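**Student:** Okay, so here is start-v4.txt, and as you'll see once you scroll down, it has compact mmCIF, C-alpha atoms.
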# COMPACT_ATOMS: atom_id res chain seq x y z
CA ASP A 1 -10.18 30.85 75.31
CA GLN A 2 -11.89 28.27 73.11
CA GLN A 3 -15.57 28.53 73.95
CA VAL A 4 -16.58 25.80 71.51
CA LYS A 5 -14.41 22.70 71.35
CA GLN A 6 -14.34 19.68 69.13
CA ASN A 7 -11.81 17.45 70.81
CA SER A 8 -11.61 14.82 68.09
CA PRO A 9 -9.63 16.12 65.10
CA SER A 10 -10.67 13.15 63.00
CA LEU A 11 -13.10 10.23 62.85
CA SER A 12 -13.10 7.23 60.57
CA VAL A 13 -16.16 5.01 60.08
CA GLN A 14 -17.35 2.28 57.75
CA GLU A 15 -20.09 2.97 55.23
CA GLY A 16 -23.49 2.11 56.67
CA ARG A 17 -22.39 2.56 60.28
CA ILE A 18 -23.19 5.43 62.60
CA SER A 19 -20.94 8.48 62.78
CA ILE A 20 -21.00 10.44 66.03
CA LEU A 21 -19.32 13.82 66.14
CA ASN A 22 -19.02 15.59 69.47
CA CYS A 23 -18.83 19.19 70.55
CA ASP A 24 -18.47 20.83 73.95
CA TYR A 25 -19.03 24.44 74.89
CA THR A 26 -18.17 26.45 77.95
CA ASN A 27 -20.41 29.50 77.72
CA SER A 28 -23.81 28.89 79.33
CA MET A 29 -25.25 31.89 77.47
CA PHE A 30 -25.13 30.07 74.14
CA ASP A 31 -28.69 29.23 73.14
CA TYR A 32 -28.51 28.15 69.52
CA PHE A 33 -26.25 25.55 67.99
CA LEU A 34 -25.50 24.63 64.41
CA TRP A 35 -23.49 22.10 62.48
CA TYR A 36 -21.75 22.98 59.24
CA LYS A 37 -20.16 20.68 56.72
CA LYS A 38 -17.18 21.67 54.61
CA TYR A 39 -15.69 20.02 51.57
CA PRO A 40 -12.16 20.92 50.39
CA ALA A 41 -11.93 24.18 48.44
CA GLU A 42 -15.54 25.05 49.28
CA GLY A 43 -17.18 27.20 51.90
CA PRO A 44 -18.99 25.64 54.87
CA THR A 45 -22.62 24.76 54.29
CA PHE A 46 -25.33 24.58 56.89
CA LEU A 47 -26.36 21.09 57.95
CA ILE A 48 -28.65 21.17 60.97
CA SER A 49 -29.36 23.31 64.01
CA ILE A 50 -30.93 23.08 67.45
CA SER A 51 -32.29 25.61 69.88
CA SER A 52 -31.54 25.32 73.57
CA ILE A 53 -35.23 24.71 74.29
CA LYS A 54 -34.94 21.34 72.58
CA ASP A 55 -32.75 18.35 73.25
CA LYS A 56 -33.03 16.70 69.85
CA ASN A 57 -33.53 17.71 66.25
CA GLU A 58 -33.69 15.30 63.36
CA ASP A 59 -33.38 15.84 59.62
CA GLY A 60 -33.20 12.71 57.54
CA ARG A 61 -29.98 10.86 58.33
CA PHE A 62 -28.77 13.64 60.60
CA THR A 63 -29.73 14.08 64.24
CA VAL A 64 -28.33 16.60 66.66
CA PHE A 65 -28.56 16.02 70.40
CA LEU A 66 -28.11 18.74 73.00
CA ASN A 67 -27.29 18.12 76.67
CA LYS A 68 -27.43 21.53 78.27
CA SER A 69 -26.41 20.39 81.72
CA ALA A 70 -23.25 18.85 80.30
CA LYS A 71 -22.78 21.68 77.76
CA HIS A 72 -22.41 19.04 75.10
CA LEU A 73 -23.90 18.44 71.70
CA SER A 74 -23.43 15.66 69.22
CA LEU A 75 -24.22 15.01 65.59
CA HIS A 76 -25.30 11.51 64.58
CA ILE A 77 -25.21 10.43 60.97
CA VAL A 78 -27.04 7.18 60.25
CA PRO A 79 -26.26 5.46 57.98
CA SER A 80 -22.95 7.05 57.04
CA GLN A 81 -22.13 7.36 53.35
CA PRO A 82 -18.82 8.02 51.56
CA GLY A 83 -20.22 11.37 50.40
CA ASP A 84 -20.43 12.41 54.04
CA SER A 85 -16.63 12.56 54.17
CA ALA A 86 -15.89 16.19 55.00
CA VAL A 87 -14.90 18.51 57.82
CA TYR A 88 -17.71 19.12 60.30
CA PHE A 89 -17.83 22.27 62.40
CA CYS A 90 -20.12 22.87 65.31
CA ALA A 91 -21.01 26.47 66.07
CA ALA A 92 -22.84 28.31 68.81
CA SER A 93 -24.60 31.61 69.13
CA GLY A 94 -26.20 33.53 71.94
CA GLU A 95 -25.70 36.26 74.44
CA GLY A 96 -22.22 34.91 75.09
CA ASN A 97 -20.87 36.35 71.86
CA ALA A 98 -18.95 39.56 72.42
CA GLY A 99 -20.59 42.88 71.74
CA GLY A 100 -24.01 43.95 70.44
CA THR A 101 -26.60 41.59 69.12
CA SER A 102 -25.52 38.01 68.97
CA TYR A 103 -27.75 37.21 66.03
CA GLY A 104 -25.80 35.43 63.35
CA LYS A 105 -22.52 35.78 65.19
CA LEU A 106 -21.30 32.28 65.46
CA THR A 107 -18.44 30.87 67.49
CA PHE A 108 -17.02 27.82 65.76
CA GLY A 109 -15.23 24.75 67.00
CA GLN A 110 -11.98 23.56 65.45
CA GLY A 111 -13.65 21.02 63.20
CA THR A 112 -13.60 17.23 62.91
CA ILE A 113 -12.52 15.48 59.73
CA LEU A 114 -14.93 12.64 59.02
CA THR A 115 -13.86 9.88 56.66
CA VAL A 116 -16.42 7.28 55.64
CA HIS A 117 -14.86 4.22 54.02
CA PRO A 118 -16.77 2.23 51.38
CA ASN B 1 -28.16 31.99 41.86
CA ALA B 2 -24.57 32.89 42.81
CA GLY B 3 -25.13 33.27 46.57
CA VAL B 4 -21.95 34.69 48.13
CA THR B 5 -19.11 35.51 45.76
CA GLN B 6 -15.56 36.28 46.90
CA THR B 7 -12.64 37.59 44.90
CA PRO B 8 -9.83 36.84 44.50
CA LYS B 9 -9.76 33.12 45.26
CA PHE B 10 -5.98 33.07 45.63
CA GLN B 11 -3.47 35.80 46.43
CA VAL B 12 0.20 35.90 47.36
CA LEU B 13 1.50 39.04 49.05
CA LYS B 14 4.80 40.22 50.40
CA THR B 15 5.01 41.47 53.96
CA GLY B 16 3.86 45.08 54.10
CA GLN B 17 1.78 45.01 50.94
CA SER B 18 -1.88 45.89 51.03
CA MET B 19 -4.88 44.26 49.42
CA THR B 20 -8.65 44.13 49.53
CA LEU B 21 -10.82 41.04 49.52
CA GLN B 22 -14.15 41.64 47.85
CA CYS B 23 -17.42 39.96 48.78
CA ALA B 24 -20.87 40.28 47.26
CA GLN B 25 -24.14 38.49 48.00
CA ASP B 26 -27.28 38.39 45.90
CA MET B 27 -29.69 37.00 48.50
CA ASN B 28 -30.82 40.39 49.84
CA HIS B 29 -29.32 39.54 53.22
CA ASN B 30 -28.87 42.28 55.74
CA SER B 31 -25.87 40.94 57.64
CA MET B 32 -22.44 40.08 56.33
CA TYR B 33 -19.34 38.65 57.96
CA TRP B 34 -15.67 37.96 57.43
CA TYR B 35 -14.12 34.87 58.99
CA ARG B 36 -10.65 33.39 58.78
CA GLN B 37 -9.89 29.70 59.00
CA ASP B 38 -6.61 28.45 60.36
CA PRO B 39 -5.55 24.86 61.08
CA GLY B 40 -6.68 23.75 64.52
CA MET B 41 -8.52 27.04 65.14
CA GLY B 42 -11.79 26.63 63.32
CA LEU B 43 -13.36 29.75 61.87
CA ARG B 44 -12.82 32.99 63.74
CA LEU B 45 -14.86 36.14 63.19
CA ILE B 46 -12.84 39.14 62.02
CA TYR B 47 -15.50 41.77 61.39
CA TYR B 48 -19.20 41.78 60.77
CA SER B 49 -21.86 44.14 59.51
CA ALA B 50 -25.26 43.62 61.10
CA SER B 51 -26.90 45.89 58.56
CA GLU B 52 -25.97 48.32 55.81
CA GLY B 53 -24.08 51.24 57.29
CA THR B 54 -22.81 49.44 60.40
CA THR B 55 -19.67 47.45 61.08
CA ASP B 56 -18.30 45.93 64.27
CA LYS B 57 -15.22 44.07 65.38
CA GLY B 58 -15.28 40.36 65.87
CA GLU B 59 -12.86 38.10 67.67
CA VAL B 60 -9.68 38.86 65.67
CA PRO B 61 -9.95 42.35 64.07
CA ASN B 62 -6.35 43.55 64.45
CA GLY B 63 -4.65 44.29 61.15
CA TYR B 64 -7.91 44.47 59.19
CA ASN B 65 -10.42 47.07 58.10
CA VAL B 66 -13.80 46.60 56.48
CA SER B 67 -16.22 48.58 54.37
CA ARG B 68 -19.91 47.84 53.92
CA LEU B 69 -20.17 49.47 50.51
CA ASN B 70 -23.89 48.81 50.10
CA LYS B 71 -26.32 46.08 51.05
CA ARG B 72 -24.70 43.59 48.66
CA GLU B 73 -21.01 44.21 49.18
CA PHE B 74 -18.66 43.89 52.15
CA SER B 75 -14.91 44.23 51.64
CA LEU B 76 -11.99 43.30 53.88
CA ARG B 77 -8.75 45.27 53.65
CA LEU B 78 -5.28 44.39 54.84
CA GLU B 79 -3.32 47.65 55.00
CA SER B 80 0.08 46.12 55.75
CA ALA B 81 0.05 42.37 55.37
CA ALA B 82 1.94 40.19 57.85
CA PRO B 83 2.82 36.48 57.65
CA SER B 84 0.39 35.87 60.55
CA GLN B 85 -2.41 36.84 58.17
CA THR B 86 -1.73 33.85 55.97
CA SER B 87 -5.07 32.09 56.10
CA VAL B 88 -8.22 31.15 54.23
CA TYR B 89 -10.78 33.93 54.42
CA PHE B 90 -14.50 33.33 54.19
CA CYS B 91 -17.20 35.87 53.62
CA ALA B 92 -20.69 34.98 54.81
CA SER B 93 -24.14 36.53 54.91
CA SER B 94 -27.35 35.96 56.84
CA LEU B 95 -30.89 37.22 56.76
CA GLN B 96 -31.46 39.63 59.64
CA PRO B 97 -33.22 40.64 61.79
CA VAL B 98 -35.35 37.54 61.40
CA GLY B 99 -33.33 35.97 64.15
CA VAL B 100 -30.58 33.51 64.63
CA GLY B 101 -30.18 31.56 61.48
CA GLU B 102 -27.73 29.95 59.22
CA LEU B 103 -24.87 31.72 57.56
CA PHE B 104 -24.29 31.33 53.87
CA PHE B 105 -20.59 31.20 53.03
CA GLY B 106 -18.57 32.00 49.96
CA GLU B 107 -16.01 29.58 48.60
CA GLY B 108 -13.10 31.22 50.38
CA SER B 109 -10.01 33.24 49.48
CA ARG B 110 -6.63 31.70 50.19
CA LEU B 111 -4.08 34.34 51.13
CA THR B 112 -0.37 33.72 51.57
CA VAL B 113 1.86 36.44 53.00
CA LEU B 114 5.58 35.88 52.46
Taking this structure as input, can you express it in the form of structure tokens?
**Tutor:**
Amino acid sequence: DQQVKQNSPSLSVQEGRISILNCDYTNSMFDYFLWYKKYPAEGPTFLISISSIKDKNEDGRFTVFLNKSAKHLSLHIVPSQPGDSAVYFCAASGEGNAGGTSYGKLTFGQGTILTVHP
Amino acid sequence: NAGVTQTPKFQVLKTGQSMTLQCAQDMNHNSMYWYRQDPGMGLRLIYYSASEGTTDKGEVPNGYNVSRLNKREFSLRLESAAPSQTSVYFCASSLQPVGVGELFFGEGSRLTVL
């Protein structure tokens, strides 16, 4: 039962254009969402997050949008740069995670490989 | 600042062999986690330790044991390795109980079980 889904395994965009990565979740108890970026042979690194009380959070070129009614979030990267090429994971946390406190226990999506072409 | 350090980075085992993955963090974080990453599956939580002295099962704990040795160190043990445990393992830590926050990950340990 995949509670967090990234249905696009890969995305290819041109440098300077917008990259939009999508994520859907099924558990309505999730109340905090994060995006992680992962380069090959490295661990994931935190990119941006959003609480369920907001519908948008912006940090430089990165903006995350949350649509609670649709259980959908998206990450926008504008403008995209070749250095943004990586695997992007969305993750969710909240009362929906099994057992005990949900703090820090993240449920991850499958990841989307983003390739930004020069 | 090393952050989260995992050893070994690579390991090849035969079915039935045992091994321990070591993890240490120097950020004075209270919580530590072990995840595995498999193609098409994302990262799945194996075990976590909310604070020193406590450990709990995650989503995929079967075949693994953990030890929270002290605040800095959290090890993952495979008692009898199986090919299904071939994966990339990530240790992570977070500052608790401040609240939900980001995890800091190590670089990963690639394990192959033949």
**Student:** Would you mind listing, for every residue of chain B within 7 Å of chain A, the two atoms forming the shortest contact and the distance between them in Å to one decimal, using all atoms listed in the file, sorted by chain and ascending residue number, as CSV?
**Tutor:**
residue,atom,partner,partner_atom,distance
B:Gly40,CA,A:Gln110,CA,5.4
B:Met41,CA,A:Gln110,CA,4.9
B:Gly42,CA,A:Gln110,CA,3.7
B:Leu43,CA,A:Phe108,CA,5.7
B:Arg44,CA,A:Phe108,CA,7.0
B:Ser94,CA,A:Gly104,CA,6.7
B:Gly99,CA,A:Tyr103,CA,6.0
B:Val100,CA,A:Tyr103,CA,4.9
B:Gly101,CA,A:Gly104,CA,6.1
B:Glu102,CA,A:Phe46,CA,6.3
B:Leu103,CA,A:Gly104,CA,6.9
B:Phe104,CA,A:Thr45,CA,6.8
B:Phe105,CA,A:Gly43,CA,5.4
B:Gly106,CA,A:Gly43,CA,5.4
B:Glu107,CA,A:Gly43,CA,4.2
B:Gly108,CA,A:Gly43,CA,5.9
**Student:** Quick one: residues within 7 Å of range 72-81 of chain A, only C-alpha atoms counted, chain neighbours fewer than 2 positions away excluded, as number ranges by chain?
**Tutor:** A: 15-25, 61-68, 70, 83-84, 116
**Student:** Distance cut-off 8 Å, centre (2.0, 34.8, 52.4) in file coordinates, counting only C-alpha atoms: which residues qualify? Return them as a list in words.
**Tutor:**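 Output: Val12, Leu13, Lys14, Thr15, Ala82, Pro83, Gln85, Thr86, Leu111, Thr112, Val113 and Leu114 of chain B.
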**Student:** Interatomic distance between CA of Tyr47 in chain B and CA of Val87 in chain A?
**Tutor:** 23.5 Å
**Student:** Would you work out the distance separating CA of Glu59 in chain B from CA of Asp38 in chain B, expressed in Å to one decimal?
**Tutor:**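 Value for the CA of Glu59 in chain B-CA of Asp38 in chain B distance: 13.6 Å.
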**Student:** Calculate how many Å separate CA of Phe74 in chain B from CA of Thr55 in chain B, rounding to one decimal.
**Tutor:**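 Atom-to-atom, CA of Phe74 in chain B and CA of Thr55 in chain B are spaced 9.7 Å apart.
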**Student:** Residues at most 12 Å from Arg68 in chain B, counting only C-alpha atoms, excluding those fewer than 6 positions away in the same chain, as a PyMOL selection string?
**Tutor:** chain B and resi 22-25+30-34+47-56+74-77
**Student:** At a cut-off of 9 Å, using all atoms listed in the file, what residues contact His117 in chain A? Leave out same-chain residues fewer than 4 positions from it and give the result as a PDB file with C-alpha atoms, keeping the file's coordinate frame.
**Tutor:**
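Saved result, out_32.pdb, follows:
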ATOM      1  CA  SER A  12     -13.100   7.230  60.570  1.00  0.00           C
ATOM      2  CA  VAL A  13     -16.160   5.010  60.080  1.00  0.00           C
ATOM      3  CA  GLN A  14     -17.350   2.280  57.750  1.00  0.00           C
ATOM      4  CA  GLU A  15     -20.090   2.970  55.230  1.00  0.00           C
ATOM      5  CA  GLN A  81     -22.130   7.360  53.350  1.00  0.00           C
ATOM      6  CA  PRO A  82     -18.820   8.020  51.560  1.00  0.00           C
ATOM      7  CA  SER A  85     -16.630  12.560  54.170  1.00  0.00           C
TER       8      SER A  85
END
